[in-house]
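K.L.:
Here you go, entry.txt (compact mmCIF, N, CA and C atoms):
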```txt
# COMPACT_ATOMS: atom_id res chain seq x y z
N MET A 260 17.07 -12.37 -31.91
CA MET A 260 15.72 -11.85 -32.00
C MET A 260 15.56 -11.18 -33.37
N SER A 261 14.46 -11.48 -34.05
CA SER A 261 14.20 -10.87 -35.36
C SER A 261 13.90 -9.38 -35.21
N THR A 262 13.96 -8.66 -36.32
CA THR A 262 13.63 -7.23 -36.30
C THR A 262 12.20 -7.03 -35.82
N GLU A 263 11.27 -7.86 -36.32
CA GLU A 263 9.87 -7.73 -35.92
C GLU A 263 9.72 -7.95 -34.41
N GLU A 264 10.39 -8.97 -33.87
CA GLU A 264 10.30 -9.25 -32.43
C GLU A 264 10.93 -8.12 -31.62
N GLY A 265 12.04 -7.57 -32.10
CA GLY A 265 12.67 -6.43 -31.42
C GLY A 265 11.77 -5.21 -31.41
N ASN A 266 11.09 -4.96 -32.54
CA ASN A 266 10.16 -3.83 -32.61
C ASN A 266 8.96 -4.03 -31.69
N LYS A 267 8.47 -5.26 -31.61
CA LYS A 267 7.36 -5.54 -30.68
C LYS A 267 7.80 -5.33 -29.24
N ALA A 268 9.03 -5.72 -28.92
CA ALA A 268 9.55 -5.52 -27.56
C ALA A 268 9.65 -4.02 -27.24
N ALA A 269 10.08 -3.22 -28.21
CA ALA A 269 10.16 -1.76 -28.01
C ALA A 269 8.77 -1.18 -27.82
N PHE A 270 7.80 -1.61 -28.61
CA PHE A 270 6.41 -1.17 -28.47
C PHE A 270 5.91 -1.47 -27.06
N ARG A 271 6.13 -2.71 -26.60
CA ARG A 271 5.70 -3.10 -25.25
C ARG A 271 6.32 -2.19 -24.20
N ARG A 272 7.62 -1.92 -24.33
CA ARG A 272 8.29 -1.07 -23.34
C ARG A 272 7.68 0.32 -23.30
N MET A 273 7.29 0.88 -24.46
CA MET A 273 6.68 2.22 -24.48
C MET A 273 5.45 2.26 -23.59
N TYR A 274 4.63 1.22 -23.67
CA TYR A 274 3.39 1.21 -22.91
C TYR A 274 3.58 0.69 -21.48
N GLU A 275 4.33 -0.39 -21.32
CA GLU A 275 4.47 -0.97 -19.99
C GLU A 275 5.37 -0.12 -19.08
N GLU A 276 6.53 0.29 -19.58
CA GLU A 276 7.45 1.09 -18.75
C GLU A 276 7.10 2.58 -18.79
N GLY A 277 6.76 3.08 -19.99
CA GLY A 277 6.47 4.51 -20.13
C GLY A 277 5.11 4.89 -19.60
N MET A 278 4.08 4.42 -20.25
CA MET A 278 2.72 4.81 -19.87
C MET A 278 2.32 4.22 -18.51
N ASN A 279 2.49 2.91 -18.33
CA ASN A 279 2.06 2.28 -17.09
C ASN A 279 2.98 2.61 -15.92
N GLY A 280 4.28 2.62 -16.18
CA GLY A 280 5.24 2.81 -15.11
C GLY A 280 5.67 4.24 -14.88
N GLY A 281 5.36 5.13 -15.82
CA GLY A 281 5.74 6.54 -15.68
C GLY A 281 7.23 6.79 -15.90
N ASN A 282 7.94 5.85 -16.51
CA ASN A 282 9.37 6.00 -16.77
C ASN A 282 9.57 6.89 -18.01
N LEU A 283 9.91 8.15 -17.79
CA LEU A 283 10.08 9.09 -18.89
C LEU A 283 11.35 8.83 -19.68
N ASP A 284 12.31 8.11 -19.10
CA ASP A 284 13.58 7.84 -19.78
C ASP A 284 13.40 6.94 -21.00
N VAL A 285 12.32 6.14 -21.04
CA VAL A 285 12.13 5.28 -22.21
C VAL A 285 11.92 6.10 -23.47
N ALA A 286 11.44 7.32 -23.32
CA ALA A 286 11.24 8.17 -24.50
C ALA A 286 12.56 8.39 -25.22
N ASP A 287 13.62 8.70 -24.49
CA ASP A 287 14.92 8.92 -25.12
C ASP A 287 15.49 7.64 -25.71
N GLU A 288 15.20 6.51 -25.08
CA GLU A 288 15.71 5.23 -25.57
C GLU A 288 14.98 4.74 -26.81
N LEU A 289 13.65 4.97 -26.87
CA LEU A 289 12.83 4.32 -27.88
C LEU A 289 12.27 5.23 -28.96
N ILE A 290 12.39 6.55 -28.79
CA ILE A 290 11.81 7.49 -29.75
C ILE A 290 12.93 8.24 -30.47
N ASP A 291 12.95 8.17 -31.78
CA ASP A 291 13.93 8.88 -32.59
C ASP A 291 13.68 10.39 -32.47
N PRO A 292 14.74 11.20 -32.43
CA PRO A 292 14.55 12.66 -32.34
C PRO A 292 13.68 13.24 -33.46
N GLU A 293 13.65 12.57 -34.61
CA GLU A 293 12.84 13.05 -35.74
C GLU A 293 11.49 12.36 -35.84
N CYS A 294 11.12 11.58 -34.83
CA CYS A 294 9.85 10.86 -34.84
C CYS A 294 8.68 11.83 -34.98
N VAL A 295 7.70 11.44 -35.78
CA VAL A 295 6.48 12.23 -35.97
C VAL A 295 5.31 11.45 -35.39
N ASP A 296 4.61 12.06 -34.44
CA ASP A 296 3.41 11.48 -33.86
C ASP A 296 2.22 12.15 -34.53
N HIS A 297 1.55 11.42 -35.41
CA HIS A 297 0.42 11.97 -36.16
C HIS A 297 -0.82 12.15 -35.28
N GLU A 298 -0.76 11.71 -34.04
CA GLU A 298 -1.87 11.86 -33.10
C GLU A 298 -1.44 12.65 -31.87
N SER A 299 -0.58 13.64 -32.06
CA SER A 299 -0.06 14.39 -30.91
C SER A 299 -1.17 15.15 -30.21
N HIS A 300 -0.92 15.47 -28.96
CA HIS A 300 -1.92 16.11 -28.10
C HIS A 300 -1.51 17.54 -27.78
N GLY A 301 -1.70 18.43 -28.73
CA GLY A 301 -1.47 19.85 -28.46
C GLY A 301 -0.03 20.30 -28.59
N ASP A 302 0.85 19.46 -29.15
CA ASP A 302 2.21 19.91 -29.39
C ASP A 302 2.58 19.59 -30.84
N ASP A 303 3.84 19.77 -31.19
CA ASP A 303 4.22 19.53 -32.58
C ASP A 303 4.36 18.05 -32.91
N GLY A 304 4.28 17.19 -31.90
CA GLY A 304 4.29 15.76 -32.14
C GLY A 304 5.62 15.22 -32.62
N ARG A 305 6.72 15.85 -32.24
CA ARG A 305 8.03 15.40 -32.71
C ARG A 305 8.92 14.98 -31.56
N GLY A 306 9.62 13.89 -31.80
CA GLY A 306 10.68 13.46 -30.91
C GLY A 306 10.23 12.93 -29.56
N PRO A 307 11.23 12.60 -28.72
CA PRO A 307 10.94 12.02 -27.40
C PRO A 307 10.14 12.93 -26.49
N GLU A 308 10.30 14.24 -26.62
CA GLU A 308 9.59 15.17 -25.74
C GLU A 308 8.07 15.04 -25.88
N SER A 309 7.60 14.74 -27.08
CA SER A 309 6.17 14.57 -27.30
C SER A 309 5.64 13.40 -26.48
N LEU A 310 6.36 12.27 -26.46
CA LEU A 310 5.94 11.13 -25.64
C LEU A 310 6.01 11.47 -24.15
N ARG A 311 7.05 12.15 -23.73
CA ARG A 311 7.16 12.54 -22.32
C ARG A 311 5.96 13.39 -21.89
N ARG A 312 5.58 14.36 -22.72
CA ARG A 312 4.43 15.21 -22.38
C ARG A 312 3.14 14.40 -22.31
N LEU A 313 2.99 13.43 -23.21
CA LEU A 313 1.79 12.59 -23.20
C LEU A 313 1.73 11.74 -21.94
N ILE A 314 2.86 11.14 -21.57
CA ILE A 314 2.90 10.33 -20.35
C ILE A 314 2.53 11.19 -19.14
N ILE A 315 3.10 12.37 -19.05
CA ILE A 315 2.82 13.26 -17.91
C ILE A 315 1.35 13.66 -17.90
N MET A 316 0.81 14.04 -19.07
CA MET A 316 -0.60 14.45 -19.14
C MET A 316 -1.52 13.32 -18.69
N LEU A 317 -1.31 12.12 -19.25
CA LEU A 317 -2.21 11.01 -18.93
C LEU A 317 -2.06 10.54 -17.48
N ARG A 318 -0.83 10.48 -16.99
CA ARG A 318 -0.62 10.01 -15.61
C ARG A 318 -1.07 11.06 -14.58
N THR A 319 -1.10 12.33 -14.97
CA THR A 319 -1.66 13.37 -14.10
C THR A 319 -3.17 13.22 -14.03
N ALA A 320 -3.80 13.00 -15.19
CA ALA A 320 -5.26 12.85 -15.23
C ALA A 320 -5.70 11.52 -14.63
N PHE A 321 -4.93 10.47 -14.87
CA PHE A 321 -5.27 9.12 -14.43
C PHE A 321 -4.07 8.53 -13.67
N PRO A 322 -3.91 8.84 -12.39
CA PRO A 322 -2.74 8.37 -11.64
C PRO A 322 -2.58 6.85 -11.63
N ASP A 323 -3.70 6.12 -11.76
CA ASP A 323 -3.64 4.65 -11.80
C ASP A 323 -3.70 4.13 -13.24
N LEU A 324 -3.27 4.94 -14.19
CA LEU A 324 -3.31 4.61 -15.62
C LEU A 324 -2.76 3.22 -15.88
N ARG A 325 -3.47 2.49 -16.73
CA ARG A 325 -3.03 1.15 -17.09
C ARG A 325 -3.41 0.86 -18.54
N PHE A 326 -2.40 0.61 -19.36
CA PHE A 326 -2.62 0.13 -20.72
C PHE A 326 -2.41 -1.38 -20.71
N THR A 327 -3.36 -2.11 -21.27
CA THR A 327 -3.23 -3.55 -21.44
C THR A 327 -3.10 -3.81 -22.93
N ILE A 328 -2.03 -4.47 -23.31
CA ILE A 328 -1.82 -4.82 -24.71
C ILE A 328 -2.57 -6.12 -24.97
N GLU A 329 -3.58 -6.03 -25.81
CA GLU A 329 -4.41 -7.18 -26.13
C GLU A 329 -3.81 -7.99 -27.28
N GLU A 330 -3.17 -7.29 -28.24
CA GLU A 330 -2.65 -7.97 -29.41
C GLU A 330 -1.59 -7.11 -30.08
N LEU A 331 -0.52 -7.75 -30.54
CA LEU A 331 0.53 -7.06 -31.30
C LEU A 331 0.81 -7.86 -32.56
N ILE A 332 0.91 -7.14 -33.66
CA ILE A 332 1.28 -7.75 -34.94
C ILE A 332 2.40 -6.91 -35.53
N ALA A 333 3.46 -7.57 -35.97
CA ALA A 333 4.58 -6.85 -36.57
C ALA A 333 4.84 -7.39 -37.96
N GLU A 334 5.04 -6.47 -38.88
CA GLU A 334 5.44 -6.83 -40.23
C GLU A 334 6.42 -5.79 -40.73
N ARG A 335 7.56 -6.27 -41.17
CA ARG A 335 8.67 -5.40 -41.59
C ARG A 335 8.95 -4.38 -40.50
N ASP A 336 8.74 -3.09 -40.75
CA ASP A 336 9.12 -2.06 -39.78
C ASP A 336 7.95 -1.48 -39.00
N ILE A 337 6.75 -2.06 -39.13
CA ILE A 337 5.56 -1.52 -38.44
C ILE A 337 5.01 -2.53 -37.44
N VAL A 338 4.67 -2.02 -36.25
CA VAL A 338 3.98 -2.81 -35.23
C VAL A 338 2.58 -2.22 -35.07
N ALA A 339 1.58 -3.09 -35.13
CA ALA A 339 0.19 -2.69 -34.88
C ALA A 339 -0.22 -3.28 -33.54
N GLY A 340 -0.80 -2.46 -32.69
CA GLY A 340 -1.21 -2.92 -31.38
C GLY A 340 -2.64 -2.54 -31.07
N ARG A 341 -3.37 -3.52 -30.51
CA ARG A 341 -4.72 -3.27 -30.00
C ARG A 341 -4.60 -3.25 -28.49
N LEU A 342 -5.00 -2.12 -27.89
CA LEU A 342 -4.80 -1.91 -26.45
C LEU A 342 -6.09 -1.43 -25.79
N ILE A 343 -6.11 -1.57 -24.48
CA ILE A 343 -7.19 -1.01 -23.67
C ILE A 343 -6.55 -0.10 -22.64
N MET A 344 -7.04 1.13 -22.55
CA MET A 344 -6.58 2.07 -21.54
C MET A 344 -7.64 2.15 -20.45
N GLU A 345 -7.19 2.06 -19.19
CA GLU A 345 -8.10 2.17 -18.06
C GLU A 345 -7.48 3.08 -17.01
N GLY A 346 -8.33 3.77 -16.28
CA GLY A 346 -7.84 4.60 -15.20
C GLY A 346 -8.95 5.38 -14.54
N THR A 347 -8.62 5.95 -13.39
CA THR A 347 -9.57 6.76 -12.63
C THR A 347 -9.21 8.22 -12.82
N HIS A 348 -10.17 9.01 -13.23
CA HIS A 348 -9.96 10.43 -13.54
C HIS A 348 -9.85 11.23 -12.25
N ASP A 349 -8.64 11.24 -11.67
CA ASP A 349 -8.39 11.93 -10.41
C ASP A 349 -7.55 13.19 -10.56
N GLY A 350 -7.30 13.63 -11.79
CA GLY A 350 -6.53 14.84 -12.04
C GLY A 350 -7.07 15.54 -13.27
N PRO A 351 -6.64 16.79 -13.52
CA PRO A 351 -7.15 17.53 -14.68
C PRO A 351 -6.78 16.85 -15.99
N LEU A 352 -7.69 16.93 -16.96
CA LEU A 352 -7.48 16.36 -18.29
C LEU A 352 -7.87 17.41 -19.32
N MET A 353 -6.88 18.01 -19.96
CA MET A 353 -7.11 19.01 -21.01
C MET A 353 -8.16 20.04 -20.58
N GLY A 354 -7.99 20.57 -19.37
CA GLY A 354 -8.89 21.60 -18.87
C GLY A 354 -10.11 21.10 -18.13
N MET A 355 -10.35 19.79 -18.15
CA MET A 355 -11.51 19.22 -17.46
C MET A 355 -11.11 18.86 -16.03
N PRO A 356 -11.85 19.34 -15.04
CA PRO A 356 -11.52 18.99 -13.66
C PRO A 356 -11.76 17.50 -13.40
N PRO A 357 -11.10 16.94 -12.40
CA PRO A 357 -11.27 15.52 -12.08
C PRO A 357 -12.72 15.18 -11.76
N THR A 358 -13.14 14.01 -12.22
CA THR A 358 -14.51 13.54 -11.96
C THR A 358 -14.54 12.38 -10.98
N GLY A 359 -13.40 11.73 -10.77
CA GLY A 359 -13.36 10.54 -9.93
C GLY A 359 -13.92 9.30 -10.61
N ARG A 360 -14.31 9.43 -11.86
CA ARG A 360 -14.89 8.31 -12.59
C ARG A 360 -13.79 7.44 -13.21
N THR A 361 -14.10 6.18 -13.35
CA THR A 361 -13.20 5.23 -14.00
C THR A 361 -13.57 5.15 -15.48
N VAL A 362 -12.55 5.10 -16.32
CA VAL A 362 -12.77 5.01 -17.76
C VAL A 362 -12.08 3.77 -18.31
N ARG A 363 -12.62 3.31 -19.43
CA ARG A 363 -12.03 2.22 -20.21
C ARG A 363 -12.16 2.65 -21.66
N GLN A 364 -11.04 2.68 -22.36
CA GLN A 364 -11.03 3.18 -23.73
C GLN A 364 -10.25 2.23 -24.63
N ASP A 365 -10.84 1.89 -25.78
CA ASP A 365 -10.17 1.05 -26.76
C ASP A 365 -9.24 1.89 -27.62
N HIS A 366 -8.08 1.32 -27.94
CA HIS A 366 -7.06 1.99 -28.76
C HIS A 366 -6.54 1.04 -29.83
N MET A 367 -6.12 1.62 -30.94
CA MET A 367 -5.30 0.94 -31.95
C MET A 367 -4.11 1.87 -32.22
N HIS A 368 -2.90 1.31 -32.21
CA HIS A 368 -1.70 2.10 -32.47
C HIS A 368 -0.84 1.40 -33.50
N PHE A 369 -0.28 2.20 -34.38
CA PHE A 369 0.63 1.72 -35.41
C PHE A 369 1.92 2.53 -35.29
N VAL A 370 3.03 1.83 -35.11
CA VAL A 370 4.31 2.51 -34.92
C VAL A 370 5.30 1.96 -35.93
N ARG A 371 5.94 2.85 -36.67
CA ARG A 371 7.00 2.48 -37.61
C ARG A 371 8.33 2.67 -36.91
N PHE A 372 9.18 1.66 -36.99
CA PHE A 372 10.48 1.66 -36.32
C PHE A 372 11.61 1.69 -37.34
N ARG A 373 12.72 2.28 -36.92
CA ARG A 373 13.97 2.23 -37.68
C ARG A 373 15.08 2.05 -36.65
N ASP A 374 15.86 1.00 -36.82
CA ASP A 374 16.97 0.72 -35.90
C ASP A 374 16.52 0.66 -34.44
N GLY A 375 15.34 0.06 -34.20
CA GLY A 375 14.86 -0.14 -32.84
C GLY A 375 14.22 1.07 -32.19
N ARG A 376 14.06 2.16 -32.95
CA ARG A 376 13.45 3.37 -32.37
C ARG A 376 12.25 3.78 -33.23
N ALA A 377 11.22 4.30 -32.56
CA ALA A 377 10.01 4.75 -33.26
C ALA A 377 10.32 5.99 -34.09
N VAL A 378 9.88 5.97 -35.35
CA VAL A 378 10.06 7.13 -36.22
C VAL A 378 8.73 7.71 -36.69
N GLU A 379 7.64 6.96 -36.45
CA GLU A 379 6.32 7.46 -36.84
C GLU A 379 5.25 6.72 -36.04
N HIS A 380 4.18 7.45 -35.66
CA HIS A 380 3.10 6.86 -34.88
C HIS A 380 1.75 7.37 -35.39
N TRP A 381 0.79 6.43 -35.48
CA TRP A 381 -0.61 6.76 -35.77
C TRP A 381 -1.44 6.06 -34.71
N GLY A 382 -2.52 6.67 -34.28
CA GLY A 382 -3.37 6.05 -33.28
C GLY A 382 -4.84 6.36 -33.52
N VAL A 383 -5.68 5.44 -33.08
CA VAL A 383 -7.13 5.60 -33.15
C VAL A 383 -7.68 5.24 -31.77
N ARG A 384 -8.46 6.16 -31.19
CA ARG A 384 -9.04 5.96 -29.87
C ARG A 384 -10.54 6.28 -29.94
N ASP A 385 -11.28 5.69 -29.04
CA ASP A 385 -12.71 5.99 -28.95
C ASP A 385 -12.88 7.12 -27.92
N ASP A 386 -12.57 8.36 -28.36
CA ASP A 386 -12.62 9.51 -27.46
C ASP A 386 -14.04 9.86 -27.03
N VAL A 387 -15.02 9.65 -27.91
CA VAL A 387 -16.40 9.97 -27.54
C VAL A 387 -16.86 9.08 -26.40
N SER A 388 -16.52 7.80 -26.46
CA SER A 388 -16.88 6.89 -25.39
C SER A 388 -16.24 7.32 -24.07
N MET A 389 -14.97 7.72 -24.13
CA MET A 389 -14.31 8.17 -22.91
C MET A 389 -14.99 9.41 -22.35
N MET A 390 -15.34 10.37 -23.20
CA MET A 390 -15.99 11.59 -22.73
C MET A 390 -17.37 11.28 -22.14
N ARG A 391 -18.07 10.31 -22.71
CA ARG A 391 -19.34 9.87 -22.13
C ARG A 391 -19.13 9.31 -20.72
N GLN A 392 -18.10 8.48 -20.58
CA GLN A 392 -17.82 7.88 -19.27
C GLN A 392 -17.47 8.96 -18.24
N LEU A 393 -16.88 10.06 -18.69
CA LEU A 393 -16.52 11.16 -17.80
C LEU A 393 -17.68 12.13 -17.59
N GLY A 394 -18.80 11.91 -18.32
CA GLY A 394 -19.97 12.77 -18.19
C GLY A 394 -19.89 14.04 -19.00
N SER A 395 -19.01 14.07 -20.00
CA SER A 395 -18.82 15.29 -20.80
C SER A 395 -19.42 15.20 -22.19
N ALA A 396 -20.04 14.09 -22.55
CA ALA A 396 -20.67 13.97 -23.87
C ALA A 396 -22.05 13.35 -23.66
N PRO A 397 -23.03 13.85 -24.38
CA PRO A 397 -24.37 13.27 -24.25
C PRO A 397 -24.38 11.79 -24.64
N GLN A 398 -25.22 11.00 -23.98
CA GLN A 398 -25.28 9.57 -24.26
C GLN A 398 -25.77 9.27 -25.66
N GLY A 399 -26.48 10.18 -26.30
CA GLY A 399 -27.01 9.93 -27.64
C GLY A 399 -26.03 10.26 -28.76
N THR A 400 -24.86 10.78 -28.44
CA THR A 400 -23.88 11.16 -29.46
C THR A 400 -23.31 9.91 -30.11
N ALA A 401 -23.22 9.92 -31.44
CA ALA A 401 -22.62 8.78 -32.16
C ALA A 401 -21.14 8.72 -31.88
N THR A 402 -20.61 7.50 -31.81
CA THR A 402 -19.17 7.35 -31.58
C THR A 402 -18.43 7.46 -32.90
N SER A 403 -17.19 7.89 -32.79
CA SER A 403 -16.32 7.96 -33.97
C SER A 403 -14.91 7.66 -33.51
N ALA A 404 -14.11 7.25 -34.44
CA ALA A 404 -12.72 6.93 -34.12
C ALA A 404 -11.82 8.12 -34.30
```
In structure tokens, how does this file's structure come out?
P.N.:
Amino acid sequence: MSTEEGNKAAFRRMYEEGMNGGNLDVADELIDPECVDHESHGDDGRGPESLRRLIIMLRTAFPDLRFTIEELIAERDIVAGRLIMEGTHDGPLMGMPPTGRTVRQDHMHFVRFRDGRAVEHWGVRDDVSMMRQLGSAPQGTATSA
């Protein structure tokens, strides 16, 4: 397997086993201790613990959380992925009580790998659209990435 194919397989495992399956152990397997998550959610964004906290936060808010990988492109040490996140808001989300509403959110993620482990992550999500779906943003608000 080429380096690019190995990195794509690691990317898939992060979302399929970690996010979708709730397997927190993949964080230790796939995330370098010095990894920097430039899109961290309220923590320092470093190492496997940051991914574990994100998985717990999202799966608490959306127990039926599902990421679908629409497209993966790998070049040298970076994998770019276009994904769709879906789930039902049945738990608290960053202080927001559950709404019972279903959300669908578009994502783009870029992960740099070294020796099969993530060392850097950048992500772009349509958070305004998700907040609209949850009833927390006015319908007239412009979307931003």
K.L.:
Between CA of Glu288 (chain A) and atom C of Ser309 (chain A), what is the distance, to one decimal in Å?
P.N.:
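If I compute the distance from CA of Glu288 (chain A) to atom C of Ser309 (chain A), I get 13.0 Å.
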K.L.:
List as an MDAnalysis selection string the protein and nucleic acid residues near Ala396 (chain A), meaning an atom at most 7 Å away when only C-alpha atoms are counted, but skip any in the same chain fewer than 3 places from it.
P.N.:
chainID A and resid 387 390:391
K.L.:
Please, what distance in Å, to one decimal, runs between atom N of His348 (chain A) and atom C of His380 (chain A)?
P.N.:
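These two atoms are separated by 25.2 Å.
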K.L.:
Using DSSP assignments from the backbone, pull out every residue in chain A that falls under strand (DSSP E or B) and give it to me as a ChimeraX atom specification.
P.N.:
/A:290-296,305,325-334,337-347,352,355,361-373,376-384
K.L.:
Rank A:Val383, A:Val285, A:Val338, A:Met389 by their smallest atom-to-atom distance to Arg363 (chain A), using all atoms listed in the file, and report the top residue only.
P.N.:
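Among the listed residues, A:Met389 lies closest to Arg363 (chain A).
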K.L.:
Using all atoms listed in the file - which residues lie no farther than 7 Å from the point (-9.5, -2.0, -32.9) in the file's frame? Write them as a PyMOL selection string.
P.N.:
chain A and resi 341-342+365-367
K.L.:
Dig up all the protein and nucleic acid residues within 5 Å of (-3.6, 14.9, -18.8) in the file frame, using all atoms listed in the file, and format them as a VMD selection string.
P.N.:
chain A and resid 316 to 317 320 351 to 353
K.L.:
So what do you get for CA of Ile290 (chain A) versus atom C of Arg376 (chain A), distance-wise?
P.N.:
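Calculated distance between CA of Ile290 (chain A) and atom C of Arg376 (chain A) is 5.1 Å.
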K.L.:
Determine the nearest neighbour of Arg271 (chain A) from the options A:Asp374, A:Ile328, A:Arg311, A:Asp323, counting only N, CA and C atoms.
P.N.:
A:Ile328
K.L.:
Given only N, CA and C atoms as the basis, pick out the residue of A:Asp336, A:Asp284, A:Glu276, A:Glu330 nearest to Arg373 (chain A).
P.N.:
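Selected residue with least distance to Arg373 (chain A): A:Asp336.
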K.L.:
What's around Ala339 (chain A) at 9 Å? Count only C-alpha atoms, leave out sequence neighbours fewer than 2 positions away in its own chain, and write the answer as a compact mmCIF listing (two decimals) with N, CA and C atoms, in the coordinates of the input.
P.N.:
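And here is the file that came out, out-v1.txt:
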```txt
# COMPACT_ATOMS: atom_id res chain seq x y z
N LYS A 267 8.47 -5.26 -31.61
CA LYS A 267 7.36 -5.54 -30.68
C LYS A 267 7.80 -5.33 -29.24
N GLU A 330 -3.17 -7.29 -28.24
CA GLU A 330 -2.65 -7.97 -29.41
C GLU A 330 -1.59 -7.11 -30.08
N LEU A 331 -0.52 -7.75 -30.54
CA LEU A 331 0.53 -7.06 -31.30
C LEU A 331 0.81 -7.86 -32.56
N ILE A 332 0.91 -7.14 -33.66
CA ILE A 332 1.28 -7.75 -34.94
C ILE A 332 2.40 -6.91 -35.53
N ALA A 333 3.46 -7.57 -35.97
CA ALA A 333 4.58 -6.85 -36.57
C ALA A 333 4.84 -7.39 -37.96
N GLU A 334 5.04 -6.47 -38.88
CA GLU A 334 5.44 -6.83 -40.23
C GLU A 334 6.42 -5.79 -40.73
N ILE A 337 6.75 -2.06 -39.13
CA ILE A 337 5.56 -1.52 -38.44
C ILE A 337 5.01 -2.53 -37.44
N ARG A 341 -3.37 -3.52 -30.51
CA ARG A 341 -4.72 -3.27 -30.00
C ARG A 341 -4.60 -3.25 -28.49
N MET A 367 -6.12 1.62 -30.94
CA MET A 367 -5.30 0.94 -31.95
C MET A 367 -4.11 1.87 -32.22
N HIS A 368 -2.90 1.31 -32.21
CA HIS A 368 -1.70 2.10 -32.47
C HIS A 368 -0.84 1.40 -33.50
N PHE A 369 -0.28 2.20 -34.38
CA PHE A 369 0.63 1.72 -35.41
C PHE A 369 1.92 2.53 -35.29
N VAL A 370 3.03 1.83 -35.11
CA VAL A 370 4.31 2.51 -34.92
C VAL A 370 5.30 1.96 -35.93
N ARG A 371 5.94 2.85 -36.67
CA ARG A 371 7.00 2.48 -37.61
C ARG A 371 8.33 2.67 -36.91
```
K.L.:
Applying 6 Å and only C-alpha atoms, which residues near Val378 (chain A) remain after dropping the ones on its own chain fewer than 3 positions away? List them as a list in words.
P.N.:
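My reading of the contact set: Asp291, Cys294, Arg371 and Phe372 of chain A.
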